[in-house]
Every structure is written in C-alpha cells, then in structure tokens.
>>> print(open('query_21.pdb').read())   # PDB, C-alpha atoms
ATOM      1  CA  MET A   1      86.750  81.985  71.541
ATOM      2  CA  ASP A   2      88.352  85.042  69.905
ATOM      3  CA  ASN A   3      92.099  84.335  69.770
ATOM      4  CA  ASN A   4      92.777  88.032  69.189
ATOM      5  CA  LYS A   5      91.156  89.077  72.468
ATOM      6  CA  PRO A   6      94.377  89.078  74.535
ATOM      7  CA  LEU A   7      96.200  91.042  71.829
ATOM      8  CA  LYS A   8      93.362  93.586  71.589
ATOM      9  CA  ALA A   9      93.308  93.901  75.367
ATOM     10  CA  HIS A  10      97.052  94.571  75.576
ATOM     11  CA  LEU A  11      96.973  97.065  72.690
ATOM     12  CA  SER A  12      93.993  98.845  74.248
ATOM     13  CA  MET A  13      95.727  99.204  77.602
ATOM     14  CA  PHE A  14      98.958 100.385  75.973
ATOM     15  CA  THR A  15      97.143 103.054  73.932
ATOM     16  CA  ALA A  16      95.095 104.210  76.927
ATOM     17  CA  GLU A  17      98.226 104.631  79.032
ATOM     18  CA  ALA A  18     100.024 106.504  76.227
ATOM     19  CA  ILE A  19      97.065 108.898  76.008
ATOM     20  CA  TRP A  20      97.156 109.384  79.792
ATOM     21  CA  GLY A  21     100.900 109.989  79.589
ATOM     22  CA  LEU A  22     100.347 112.869  77.156
ATOM     23  CA  MET A  23      97.450 114.136  79.265
ATOM     24  CA  ALA A  24      99.748 114.927  82.213
ATOM     25  CA  PRO A  25     101.802 117.678  80.506
ATOM     26  CA  LEU A  26      98.824 119.037  78.536
ATOM     27  CA  GLY A  27      96.598 119.087  81.615
ATOM     28  CA  LYS A  28      99.364 120.706  83.669
ATOM     29  CA  ASP A  29      99.801 123.441  81.052
ATOM     30  CA  ALA A  30      96.044 124.092  81.012
ATOM     31  CA  MET A  31      96.016 124.370  84.796
ATOM     32  CA  ASN A  32      98.932 126.810  84.607
ATOM     33  CA  ASN A  33      96.961 129.015  82.235
ATOM     34  CA  GLY A  34      93.438 129.577  83.492
ATOM     35  CA  VAL A  35      91.730 126.282  84.394
ATOM     36  CA  ASP A  36      92.308 125.187  88.010
ATOM     37  CA  GLY A  37      92.307 121.598  89.262
ATOM     38  CA  ILE A  38      88.744 121.578  90.620
ATOM     39  CA  SER A  39      87.353 122.962  87.358
ATOM     40  CA  MET A  40      89.376 120.461  85.315
ATOM     41  CA  VAL A  41      87.894 117.559  87.301
ATOM     42  CA  SER A  42      84.398 118.946  86.686
ATOM     43  CA  PHE A  43      85.008 119.257  82.942
ATOM     44  CA  ARG A  44      86.439 115.737  82.775
ATOM     45  CA  VAL A  45      83.582 114.078  84.601
ATOM     46  CA  ALA A  46      80.619 115.972  83.126
ATOM     47  CA  GLY A  47      82.122 116.052  79.624
ATOM     48  CA  ALA A  48      82.873 112.338  79.591
ATOM     49  CA  ALA A  49      79.419 111.515  80.974
ATOM     50  CA  ALA A  50      77.827 113.396  78.081
ATOM     51  CA  LEU A  51      80.075 111.679  75.519
ATOM     52  CA  PHE A  52      79.407 108.182  76.873
ATOM     53  CA  TRP A  53      75.639 108.692  76.957
ATOM     54  CA  ILE A  54      75.721 110.000  73.386
ATOM     55  CA  ALA A  55      77.836 106.998  72.349
ATOM     56  CA  SER A  56      75.303 104.646  73.965
ATOM     57  CA  LEU A  57      72.664 105.876  71.476
ATOM     58  CA  PHE A  58      74.625 104.314  68.609
ATOM     59  CA  ILE A  59      75.031 100.812  70.043
ATOM     60  CA  LYS A  60      72.612  98.090  71.025
ATOM     61  CA  ARG A  61      70.983  98.962  74.344
ATOM     62  CA  GLU A  62      72.104  96.723  77.196
ATOM     63  CA  ARG A  63      69.782  96.001  80.102
ATOM     64  CA  VAL A  64      71.352  96.779  83.461
ATOM     65  CA  GLU A  65      70.026  95.089  86.586
ATOM     66  CA  LYS A  66      68.738  97.520  89.236
ATOM     67  CA  HIS A  67      71.156  96.440  91.952
ATOM     68  CA  ASP A  68      74.046  96.829  89.498
ATOM     69  CA  ILE A  69      73.080 100.469  88.925
ATOM     70  CA  LEU A  70      73.727 101.026  92.624
ATOM     71  CA  LEU A  71      76.987  99.086  92.409
ATOM     72  CA  PHE A  72      78.055 101.453  89.634
ATOM     73  CA  ALA A  73      77.737 104.269  92.182
ATOM     74  CA  GLY A  74      80.380 102.598  94.351
ATOM     75  CA  ALA A  75      82.552 101.901  91.313
ATOM     76  CA  ALA A  76      82.255 105.562  90.316
ATOM     77  CA  LEU A  77      83.452 106.726  93.734
ATOM     78  CA  LEU A  78      86.618 104.637  93.615
ATOM     79  CA  GLY A  79      87.317 104.531  89.886
ATOM     80  CA  ILE A  80      86.434 108.126  89.004
ATOM     81  CA  VAL A  81      85.592 110.504  91.869
ATOM     82  CA  PHE A  82      88.466 109.756  94.259
ATOM     83  CA  ASN A  83      90.827 108.739  91.466
ATOM     84  CA  GLN A  84      90.322 111.780  89.243
ATOM     85  CA  CYS A  85      89.988 114.338  92.031
ATOM     86  CA  LEU A  86      93.187 113.216  93.713
ATOM     87  CA  TYR A  87      95.144 112.854  90.469
ATOM     88  CA  THR A  88      94.003 116.064  88.757
ATOM     89  CA  ILE A  89      94.323 118.283  91.809
ATOM     90  CA  GLY A  90      97.629 116.566  92.678
ATOM     91  CA  LEU A  91      98.876 117.316  89.154
ATOM     92  CA  SER A  92      98.067 120.996  89.700
ATOM     93  CA  PHE A  93     100.622 120.956  92.562
ATOM     94  CA  THR A  94     103.400 118.690  91.305
ATOM     95  CA  SER A  95     105.225 118.226  87.994
ATOM     96  CA  PRO A  96     103.743 116.135  85.152
ATOM     97  CA  ILE A  97     106.902 114.001  85.322
ATOM     98  CA  ASN A  98     106.337 113.112  88.968
ATOM     99  CA  SER A  99     102.600 112.578  88.545
ATOM    100  CA  SER A 100     103.234 110.018  85.807
ATOM    101  CA  ILE A 101     106.044 108.269  87.688
ATOM    102  CA  VAL A 102     103.835 108.000  90.775
ATOM    103  CA  THR A 103     101.226 106.126  88.714
ATOM    104  CA  THR A 104     103.664 103.217  88.698
ATOM    105  CA  SER A 105     102.817 102.675  92.363
ATOM    106  CA  MET A 106      99.583 100.965  91.339
ATOM    107  CA  PRO A 107     101.060  97.442  91.013
ATOM    108  CA  ILE A 108     101.981  97.670  94.692
ATOM    109  CA  PHE A 109      98.376  98.354  95.666
ATOM    110  CA  ALA A 110      96.937  95.994  93.037
ATOM    111  CA  MET A 111      99.086  93.096  94.224
ATOM    112  CA  ILE A 112      98.107  93.531  97.879
ATOM    113  CA  LEU A 113      94.397  94.134  97.184
ATOM    114  CA  SER A 114      94.173  91.272  94.659
ATOM    115  CA  PHE A 115      95.661  88.957  97.281
ATOM    116  CA  PHE A 116      92.996  89.839  99.868
ATOM    117  CA  ILE A 117      90.003  90.303  97.563
ATOM    118  CA  LEU A 118      90.584  88.101  94.489
ATOM    119  CA  ARG A 119      92.859  85.550  96.204
ATOM    120  CA  GLU A 120      95.585  86.147  93.635
ATOM    121  CA  PRO A 121      98.840  84.589  94.905
ATOM    122  CA  ILE A 122     101.762  86.802  95.891
ATOM    123  CA  THR A 123     104.666  85.031  94.235
ATOM    124  CA  VAL A 124     108.333  85.716  94.919
ATOM    125  CA  LYS A 125     108.752  87.266  91.464
ATOM    126  CA  LYS A 126     105.732  89.532  91.890
ATOM    127  CA  ALA A 127     106.701  90.642  95.380
ATOM    128  CA  SER A 128     110.295  91.320  94.305
ATOM    129  CA  GLY A 129     109.186  93.376  91.327
ATOM    130  CA  VAL A 130     106.757  95.420  93.373
ATOM    131  CA  LEU A 131     109.312  96.072  96.120
ATOM    132  CA  ILE A 132     111.830  97.326  93.571
ATOM    133  CA  GLY A 133     109.183  99.647  92.170
ATOM    134  CA  CYS A 134     108.285 100.789  95.677
ATOM    135  CA  LEU A 135     111.909 101.766  96.298
ATOM    136  CA  GLY A 136     111.779 103.931  93.186
ATOM    137  CA  ALA A 137     108.616 105.652  94.441
ATOM    138  CA  VAL A 138     110.273 106.357  97.803
ATOM    139  CA  ILE A 139     113.266 107.981  96.072
ATOM    140  CA  LEU A 140     110.890 110.135  94.031
ATOM    141  CA  ILE A 141     108.995 111.343  97.103
ATOM    142  CA  LEU A 142     112.215 112.118  98.972
ATOM    143  CA  THR A 143     113.330 114.178  95.971
ATOM    144  CA  SER A 144     110.048 116.104  96.003
ATOM    145  CA  MET A 145     110.374 116.870  99.700
ATOM    146  CA  SER A 146     113.587 118.784  98.995
ATOM    147  CA  ALA A 147     112.484 120.309  95.677
ATOM    148  CA  ALA A 148     112.684 124.095  95.333
ATOM    149  CA  ASN A 149     110.008 124.399  92.629
ATOM    150  CA  SER A 150     107.050 122.484  91.217
ATOM    151  CA  LYS A 151     108.896 121.685  87.969
ATOM    152  CA  VAL A 152     110.885 119.155  90.005
ATOM    153  CA  GLY A 153     107.995 118.047  92.226
ATOM    154  CA  ASP A 154     105.793 118.776  95.218
ATOM    155  CA  ILE A 155     105.222 116.313  98.059
ATOM    156  CA  ARG A 156     101.519 117.281  98.345
ATOM    157  CA  GLY A 157     100.888 116.547  94.693
ATOM    158  CA  ASP A 158     102.934 113.332  94.737
ATOM    159  CA  LEU A 159     100.974 111.928  97.685
ATOM    160  CA  MET A 160      97.633 112.905  96.143
ATOM    161  CA  CYS A 161      98.583 111.200  92.862
ATOM    162  CA  MET A 162      99.629 108.116  94.835
ATOM    163  CA  GLY A 163      96.273 108.153  96.634
ATOM    164  CA  ALA A 164      94.616 108.180  93.209
ATOM    165  CA  GLN A 165      96.443 104.958  92.335
ATOM    166  CA  LEU A 166      95.297 103.291  95.560
ATOM    167  CA  SER A 167      91.717 104.282  94.780
ATOM    168  CA  PHE A 168      91.885 102.890  91.239
ATOM    169  CA  ALA A 169      93.570  99.668  92.355
ATOM    170  CA  LEU A 170      90.796  99.167  94.916
ATOM    171  CA  TYR A 171      88.210  99.798  92.179
ATOM    172  CA  LEU A 172      89.824  97.151  89.936
ATOM    173  CA  SER A 173      89.804  94.563  92.711
ATOM    174  CA  VAL A 174      86.370  95.218  94.243
ATOM    175  CA  PHE A 175      84.401  95.764  91.039
ATOM    176  CA  ASN A 176      86.245  93.333  88.774
ATOM    177  CA  LYS A 177      83.159  91.175  88.128
ATOM    178  CA  LEU A 178      80.898  94.184  87.508
ATOM    179  CA  ILE A 179      83.346  95.616  84.953
ATOM    180  CA  LYS A 180      83.360  92.345  83.003
ATOM    181  CA  LYS A 181      79.576  91.883  83.148
ATOM    182  CA  TYR A 182      78.642  94.731  80.776
ATOM    183  CA  ASN A 183      80.085  96.314  77.628
ATOM    184  CA  VAL A 184      82.516  99.217  77.833
ATOM    185  CA  VAL A 185      80.002 101.954  76.991
ATOM    186  CA  THR A 186      77.446 100.716  79.519
ATOM    187  CA  VAL A 187      80.042 100.554  82.294
ATOM    188  CA  ASN A 188      81.367 104.037  81.605
ATOM    189  CA  LYS A 189      78.073 105.814  80.988
ATOM    190  CA  TRP A 190      76.739 104.730  84.378
ATOM    191  CA  MET A 191      79.993 105.321  86.234
ATOM    192  CA  PHE A 192      80.436 108.821  84.824
ATOM    193  CA  ALA A 193      76.763 109.634  85.352
ATOM    194  CA  TRP A 194      77.130 108.791  89.051
ATOM    195  CA  ALA A 195      80.446 110.663  89.238
ATOM    196  CA  THR A 196      78.747 113.761  87.795
ATOM    197  CA  VAL A 197      76.034 113.517  90.451
ATOM    198  CA  PHE A 198      78.692 113.255  93.168
ATOM    199  CA  ILE A 199      81.014 116.019  91.944
ATOM    200  CA  VAL A 200      79.220 118.751  89.983
ATOM    201  CA  PRO A 201      76.829 119.982  92.729
ATOM    202  CA  PHE A 202      79.886 120.844  94.848
ATOM    203  CA  THR A 203      81.959 122.374  92.057
ATOM    204  CA  PHE A 204      79.385 124.177  89.878
ATOM    205  CA  GLY A 205      79.808 127.528  91.633
ATOM    206  CA  HIS A 206      83.574 127.243  91.362
ATOM    207  CA  VAL A 207      83.402 126.525  87.625
ATOM    208  CA  ALA A 208      80.898 129.348  87.035
ATOM    209  CA  ALA A 209      83.347 131.799  88.635
ATOM    210  CA  LEU A 210      86.098 131.051  86.093
ATOM    211  CA  PRO A 211      87.219 134.026  83.953
ATOM    212  CA  TRP A 212      85.870 132.310  80.828
ATOM    213  CA  ALA A 213      86.550 135.189  78.423
ATOM    214  CA  ASP A 214      90.164 135.548  79.569
ATOM    215  CA  ILE A 215      91.136 131.888  79.192
ATOM    216  CA  PRO A 216      93.312 131.365  76.053
ATOM    217  CA  THR A 217      92.151 129.171  73.162
ATOM    218  CA  LYS A 218      95.187 126.927  73.697
ATOM    219  CA  THR A 219      94.022 126.208  77.243
ATOM    220  CA  TRP A 220      90.559 125.216  76.001
ATOM    221  CA  LEU A 221      92.103 122.920  73.375
ATOM    222  CA  GLU A 222      94.240 121.252  76.057
ATOM    223  CA  THR A 223      91.170 120.894  78.279
ATOM    224  CA  GLY A 224      89.320 119.386  75.322
ATOM    225  CA  TYR A 225      92.082 116.813  74.924
ATOM    226  CA  VAL A 226      91.834 115.922  78.622
ATOM    227  CA  VAL A 227      88.067 115.391  78.311
ATOM    228  CA  ALA A 228      87.791 113.747  74.862
ATOM    229  CA  PHE A 229      90.980 111.678  74.752
ATOM    230  CA  GLY A 230      92.370 111.620  78.298
ATOM    231  CA  THR A 231      88.974 110.569  79.650
ATOM    232  CA  PHE A 232      86.445 109.374  77.019
ATOM    233  CA  VAL A 233      88.719 107.461  74.622
ATOM    234  CA  SER A 234      91.191 106.238  77.257
ATOM    235  CA  TYR A 235      88.464 104.927  79.581
ATOM    236  CA  LEU A 236      86.869 103.051  76.681
ATOM    237  CA  LEU A 237      90.185 101.428  75.857
ATOM    238  CA  SER A 238      91.047 100.669  79.481
ATOM    239  CA  ILE A 239      87.730  98.879  80.084
ATOM    240  CA  ILE A 240      88.424  96.716  77.012
ATOM    241  CA  GLY A 241      91.695  95.720  78.661
ATOM    242  CA  GLN A 242      90.064  95.208  82.062
ATOM    243  CA  HIS A 243      87.562  92.758  80.497
ATOM    244  CA  VAL A 244      90.373  90.343  79.651
ATOM    245  CA  LEU A 245      93.465  91.094  81.730
ATOM    246  CA  ARG A 246      94.122  90.505  85.438
ATOM    247  CA  PRO A 247      94.062  93.633  87.674
ATOM    248  CA  THR A 248      97.786  93.267  88.371
ATOM    249  CA  VAL A 249      98.617  93.109  84.656
ATOM    250  CA  VAL A 250      96.348  96.110  83.974
ATOM    251  CA  SER A 251      98.152  98.099  86.636
ATOM    252  CA  VAL A 252     101.563  97.250  85.162
ATOM    253  CA  TYR A 253     100.642  99.207  82.024
ATOM    254  CA  ASN A 254     100.953 102.364  84.122
ATOM    255  CA  TYR A 255     104.657 102.098  83.343
ATOM    256  CA  VAL A 256     103.894 103.408  79.848
ATOM    257  CA  GLN A 257     102.807 106.784  81.224
ATOM    258  CA  PRO A 258     106.210 108.038  82.463
ATOM    259  CA  ILE A 259     107.842 107.344  79.091
ATOM    260  CA  VAL A 260     105.383 109.628  77.296
ATOM    261  CA  SER A 261     105.007 112.194  80.056
ATOM    262  CA  VAL A 262     108.717 112.623  80.783
ATOM    263  CA  SER A 263     109.559 113.047  77.098
ATOM    264  CA  VAL A 264     106.837 115.642  76.431
ATOM    265  CA  SER A 265     107.393 117.515  79.710
ATOM    266  CA  ILE A 266     111.110 117.965  79.062
ATOM    267  CA  LEU A 267     110.545 119.033  75.446
ATOM    268  CA  THR A 268     107.932 121.624  76.452
ATOM    269  CA  GLY A 269     109.766 122.860  79.570
ATOM    270  CA  LEU A 270     106.916 121.901  81.918
ATOM    271  CA  GLY A 271     109.157 119.619  83.935
ATOM    272  CA  VAL A 272     112.810 119.287  84.899
ATOM    273  CA  PHE A 273     114.317 115.806  84.782
ATOM    274  CA  THR A 274     116.781 115.040  87.586
ATOM    275  CA  TRP A 275     119.106 112.111  88.285
ATOM    276  CA  PRO A 276     117.031 110.885  91.248
ATOM    277  CA  GLN A 277     114.020 110.760  88.933
ATOM    278  CA  GLY A 278     116.092 108.746  86.471
ATOM    279  CA  ILE A 279     117.068 106.276  89.200
ATOM    280  CA  ALA A 280     113.406 106.054  90.249
ATOM    281  CA  ILE A 281     112.334 105.216  86.694
ATOM    282  CA  ILE A 282     115.038 102.553  86.345
ATOM    283  CA  LEU A 283     113.916 100.926  89.592
ATOM    284  CA  VAL A 284     110.201 100.918  88.840
ATOM    285  CA  PHE A 285     110.736  99.639  85.297
ATOM    286  CA  SER A 286     113.013  96.896  86.595
ATOM    287  CA  GLY A 287     110.051  95.477  88.476
ATOM    288  CA  VAL A 288     107.837  95.210  85.380
ATOM    289  CA  TRP A 289     109.326  92.009  84.014
ATOM    290  CA  LEU A 290     109.067  90.278  87.393
ATOM    291  CA  VAL A 291     105.415  91.284  87.865
ATOM    292  CA  ILE A 292     104.396  90.282  84.330
ATOM    293  CA  LYS A 293     106.160  86.921  84.670
ATOM    294  CA  SER A 294     104.340  86.094  87.909
ATOM    295  CA  LYS A 295     101.627  83.465  87.624
ATOM    296  CA  SER A 296      97.957  84.136  88.239
ATOM    297  CA  LYS A 297      95.696  81.978  90.370
ATOM    298  CA  ARG A 298      94.315  80.460  87.159
ATOM    299  CA  ASP A 299      97.813  79.660  85.878
ATOM    300  CA  LEU A 300      98.803  77.942  89.111
ATOM    301  CA  ALA A 301      95.662  75.787  88.991
ATOM    302  CA  ARG A 302      96.629  74.289  85.595
TER     303      ARG A 302
END
>>> encode(input="query_21.pdb", output="structure tokens")
Amino acid sequence: MDNNKPLKAHLSMFTAEAIWGLMAPLGKDAMNNGVDGISMVSFRVAGAAALFWIASLFIKRERVEKHDILLFAGAALLGIVFNQCLYTIGLSFTSPINSSIVTTSMPIFAMILSFFILREPITVKKASGVLIGCLGAVILILTSMSAANSKVGDIRGDLMCMGAQLSFALYLSVFNKLIKKYNVVTVNKWMFAWATVFIVPFTFGHVAALPWADIPTKTWLETGYVVAFGTFVSYLLSIIGQHVLRPTVVSVYNYVQPIVSVSVSILTGLGVFTWPQGIAIILVFSGVWLVIKSKSKRDLAR
C-alpha cells in the first residue's frame, strides 16, 4: 500500500480548491467583459472534454464496461451539468466572494446524503460543525437579500451557487464507487463527453452569437484559465482526492475557496467585503475542525 496516498489526496484537493478559488474572480471579470454565463459553461464543458480526450491518448487505455458508460451519463448530469450551470450562471449574478463562501455549504449536503446513501454516521461533532457552517450561510444569504449591488451579493446567484453544491454533493455520494473504479482521466473524459452532449446542442446558437471580434484579449485569457485550470487541471486533482478521501472530507476542502477568492476579489475591486461576510466566514470555518475530527463508518468499526 502506498503510504503517501493520503498525503497526495489531501494536497490534490487543496490545490484544486485553490485553483477554483482563483477561478471565481477571474471568471466573474470575464463575464463582466464579453463572455456571458451560458457561453462560459459551454466553453468549460466542451474545452475540458477535448483536453481530457487528448490526455487519454498519452496514458494506457482503460477498458470501461458498457453499463458504466451509461452511469457516467448520470454522473455527468450531477457532477458537471447541474453543478457547472448553476455555479457559473450564479456567479454571473452574484459576487465572487459570495459564490466562494456559498461553496462551504457542501458539507451540510454531503453529511446528510452520506448518511442516507453511504451509511456514514452523523456524529455530534460533525452535526455541530455543519450547523455552525449553516448559520454562516444563512447570514450570507440575508446580507445578499438587502444588498444594493452585485459586488456585495445577489440572492439569485447565491441560491444558484448553493444548488450547485447540492448537485455535487449528491454526485459524490451516488457515484462514489464509480469514481474510484477507474483512473482520473477515464472518469473525466467520459463525464465531460456526456456533459458536452447534454449542454452544447442547447447553447451552440447562443455561443455563435457572441461578438467574438469585440471581446478583449484579457477576457479570452481569463476564459482560458477557467477552462484549462479551473476545469481540466482542478477536476484531475479533485478526482485524485475523491479516490482516497471520504465525501464529507472532500467537501470540507471547499473552505479553501473563500480564502483565495475573497483576497483576490478585494484586491481587484470585483467584490466588496462586509462585516456580515466576515462573520459568515468565521462561522463556517469554525465548523471545519469539528467535521474533520468526526469519525467515519470505517473508523467506528475498528
């Protein structure tokens, strides 16, 4: 057994979340300057599909069972289509600060879904940590409801980003065994291929109507980051983490995103940091230690 596997898994998840944290302000800026939310989703999905299939040419081919190919379609709907559509379009409405803070709602969904689907126990520590984080999310949403501009937040975008977390948490719980069955490139190439089939036919006309010649080079570079790093590289790293770590632990790494996103958003002027947001961050981070310290089903059986 590779003793470095847990360390690699944790480092992979941390790096993936840091990349996603930077993606929020860069993606928001791109969507403020020529590329709308629907087009951004299309670029992310189709671009990543192409990159993963190209990457698969340079590794040993892995045979995928026919029924698993169909299962990848379901995984793509929850893990990519619903998740990315809701998050990216939600980000186009709300601030990058709020979108990243809302991602911390995933442990709430992961804990509940893992209890029903994977029979993971809900311990007192885990429940307490998640409830504290939930209180922070409620404060954030209440702040958005009274916000005067999108730099503070927008309730529509916040709720869509939260829906994205529910979708991804459901994907982690339902398709946990499928994710661990194949290597990271195989999992992603099939998931993104299916996601492209689901999304692009409905968005192609919208993308074709973009004012391509008028979109600044900076916007294209930011879009390129979203596709190459915020999608291709980060999904590779996250699957490495998902192969080893429990869904609840994977979801806890979402707490890395606000640190990166808040810092970059304030420095670039894309977001305005308020005291209620600060209180929300303190609350959701306070729940991290309790969730991480909770025991898994495997731990309790020892």
>>> residues_around(input="query_21.pdb", residues="Arg61 (chain A)", least_positions_apart="3", cutoff="10 Å", atoms="all atoms listed in the file", output="mmCIF file with C-alpha atoms, in the coordinates of the input")
data_model
loop_
_atom_site.group_PDB
_atom_site.id
_atom_site.type_symbol
_atom_site.label_atom_id
_atom_site.label_comp_id
_atom_site.auth_asym_id
_atom_site.auth_seq_id
_atom_site.Cartn_x
_atom_site.Cartn_y
_atom_site.Cartn_z
ATOM 1 C CA SER A 56 75.303 104.646 73.965
ATOM 2 C CA LEU A 57 72.664 105.876 71.476
ATOM 3 C CA PHE A 58 74.625 104.314 68.609
ATOM 4 C CA VAL A 64 71.352 96.779 83.461
ATOM 5 C CA VAL A 185 80.002 101.954 76.991
ATOM 6 C CA THR A 186 77.446 100.716 79.519
#
>>> atom_distance(input="query_21.pdb", atom1="CA of Leu131 (chain A)", atom2="CA of Phe116 (chain A)")
17.9 Å
>>> closest_residue(input="query_21.pdb", among="A:Leu178, A:Ile89, A:Ala76, A:Leu172", to="Leu245 (chain A)", atoms="only C-alpha atoms")
A:Leu172
>>> atom_distance(input="query_21.pdb", atom1="CA of Ser263 (chain A)", atom2="CA of Gly230 (chain A)")
17.3 Å
>>> residues_around(input="query_21.pdb", residues="region 80-86 of chain A", least_positions_apart="2", cutoff="6 Å", atoms="all atoms listed in the file", output="VMD selection string")
chain A and resid 76 to 78 88 to 90 160 to 161 164 167 to 168 195
>>> write_last_selection(input="query_21.pdb", atoms="C-alpha atoms", output="mmCIF file, keeping the file's coordinate frame")
data_model
loop_
_atom_site.group_PDB
_atom_site.id
_atom_site.type_symbol
_atom_site.label_atom_id
_atom_site.label_comp_id
_atom_site.auth_asym_id
_atom_site.auth_seq_id
_atom_site.Cartn_x
_atom_site.Cartn_y
_atom_site.Cartn_z
ATOM 1 C CA ALA A 76 82.255 105.562 90.316
ATOM 2 C CA LEU A 77 83.452 106.726 93.734
ATOM 3 C CA LEU A 78 86.618 104.637 93.615
ATOM 4 C CA THR A 88 94.003 116.064 88.757
ATOM 5 C CA ILE A 89 94.323 118.283 91.809
ATOM 6 C CA GLY A 90 97.629 116.566 92.678
ATOM 7 C CA MET A 160 97.633 112.905 96.143
ATOM 8 C CA CYS A 161 98.583 111.200 92.862
ATOM 9 C CA ALA A 164 94.616 108.180 93.209
ATOM 10 C CA SER A 167 91.717 104.282 94.780
ATOM 11 C CA PHE A 168 91.885 102.890 91.239
ATOM 12 C CA ALA A 195 80.446 110.663 89.238
#
>>> atom_distance(input="query_21.pdb", atom1="CA of Val197 (chain A)", atom2="CA of Ile240 (chain A)")
24.8 Å
>>> resolve_selection(input="query_21.pdb", expression="the PyMOL selection byres ((chain A and resi 72) around 9)", output="list of chain:residue names")
A:His67, A:Asp68, A:Ile69, A:Leu70, A:Leu71, A:Ala73, A:Gly74, A:Ala75, A:Ala76, A:Leu77, A:Phe175, A:Leu178, A:Val187, A:Trp190, A:Met191, A:Trp194
>>> closest_residue(input="query_21.pdb", among="A:Tyr235, A:Phe43, A:Phe93, A:Tyr171", to="Asn188 (chain A)", atoms="only C-alpha atoms")
A:Tyr235
>>> closest_residue(input="query_21.pdb", among="A:Val227, A:Val124, A:Leu11, A:Leu26", to="Ala48 (chain A)", atoms="only C-alpha atoms")
A:Val227
>>> resolve_selection(input="query_21.pdb", expression="the PyMOL selection byres ((chain A and resi 210) around 12)", output="list in words")
Asn33, Gly34, Val35, Asp36, Gly37, Ile38, Ser39, Met40, Thr203, Phe204, Gly205, His206, Val207, Ala208, Ala209, Pro211, Trp212, Ala213, Asp214 and Ile215 of chain A
>>> closest_residue(input="query_21.pdb", among="A:Thr268, A:Ser234, A:Ser261, A:Ser173", to="Leu22 (chain A)", atoms="only C-alpha atoms")
A:Ser261
>>> resolve_selection(input="query_21.pdb", expression="the PyMOL selection byres ((chain A and resi 228) around 12)", output="PyMOL selection string")
chain A and resi 19-20+23+43-52+220-227+229-236
>>> build_atoms(input="query_21.pdb", residues="region 67-80 of chain A", atoms="N, CA, C and O atoms", output="JSON list (two decimals), in the coordinates of the input")
[["chain", "number", "residue", "atom", "x", "y", "z"],
["A", 67, "HIS", "N", 70.15, 96.42, 90.88],
["A", 67, "HIS", "CA", 71.16, 96.44, 91.95],
["A", 67, "HIS", "C", 72.54, 96.78, 91.41],
["A", 67, "HIS", "O", 73.39, 97.31, 92.12],
["A", 68, "ASP", "N", 72.76, 96.48, 90.11],
["A", 68, "ASP", "CA", 74.05, 96.83, 89.50],
["A", 68, "ASP", "C", 74.18, 98.33, 89.29],
["A", 68, "ASP", "O", 75.30, 98.88, 89.32],
["A", 69, "ILE", "N", 73.04, 99.01, 89.07],
["A", 69, "ILE", "CA", 73.08, 100.47, 88.92],
["A", 69, "ILE", "C", 73.61, 101.10, 90.21],
["A", 69, "ILE", "O", 74.40, 102.06, 90.18],
["A", 70, "LEU", "N", 73.23, 100.53, 91.34],
["A", 70, "LEU", "CA", 73.73, 101.03, 92.62],
["A", 70, "LEU", "C", 75.21, 100.66, 92.81],
["A", 70, "LEU", "O", 75.98, 101.44, 93.37],
["A", 71, "LEU", "N", 75.58, 99.48, 92.33],
["A", 71, "LEU", "CA", 76.99, 99.09, 92.41],
["A", 71, "LEU", "C", 77.86, 100.02, 91.58],
["A", 71, "LEU", "O", 79.00, 100.32, 91.95],
["A", 72, "PHE", "N", 77.32, 100.50, 90.46],
["A", 72, "PHE", "CA", 78.06, 101.45, 89.63],
["A", 72, "PHE", "C", 78.34, 102.75, 90.40],
["A", 72, "PHE", "O", 79.33, 103.43, 90.12],
["A", 73, "ALA", "N", 77.49, 103.07, 91.36],
["A", 73, "ALA", "CA", 77.74, 104.27, 92.18],
["A", 73, "ALA", "C", 79.01, 104.08, 93.00],
["A", 73, "ALA", "O", 79.84, 104.99, 93.11],
["A", 74, "GLY", "N", 79.17, 102.90, 93.59],
["A", 74, "GLY", "CA", 80.38, 102.60, 94.35],
["A", 74, "GLY", "C", 81.60, 102.56, 93.46],
["A", 74, "GLY", "O", 82.67, 103.05, 93.82],
["A", 75, "ALA", "N", 81.44, 101.96, 92.26],
["A", 75, "ALA", "CA", 82.55, 101.90, 91.31],
["A", 75, "ALA", "C", 82.96, 103.30, 90.88],
["A", 75, "ALA", "O", 84.15, 103.60, 90.72],
["A", 76, "ALA", "N", 81.98, 104.18, 90.72],
["A", 76, "ALA", "CA", 82.26, 105.56, 90.32],
["A", 76, "ALA", "C", 83.05, 106.31, 91.39],
["A", 76, "ALA", "O", 83.94, 107.10, 91.07],
["A", 77, "LEU", "N", 82.73, 106.05, 92.65],
["A", 77, "LEU", "CA", 83.45, 106.73, 93.73],
["A", 77, "LEU", "C", 84.93, 106.37, 93.72],
["A", 77, "LEU", "O", 85.80, 107.24, 93.82],
["A", 78, "LEU", "N", 85.22, 105.07, 93.58],
["A", 78, "LEU", "CA", 86.62, 104.64, 93.62],
["A", 78, "LEU", "C", 87.33, 104.85, 92.29],
["A", 78, "LEU", "O", 88.47, 105.32, 92.25],
["A", 79, "GLY", "N", 86.67, 104.50, 91.18],
["A", 79, "GLY", "CA", 87.32, 104.53, 89.89],
["A", 79, "GLY", "C", 87.36, 105.89, 89.22],
["A", 79, "GLY", "O", 88.19, 106.12, 88.33],
["A", 80, "ILE", "N", 86.48, 106.81, 89.65],
["A", 80, "ILE", "CA", 86.43, 108.13, 89.00],
["A", 80, "ILE", "C", 86.55, 109.27, 90.00],
["A", 80, "ILE", "O", 87.46, 110.10, 89.91]]
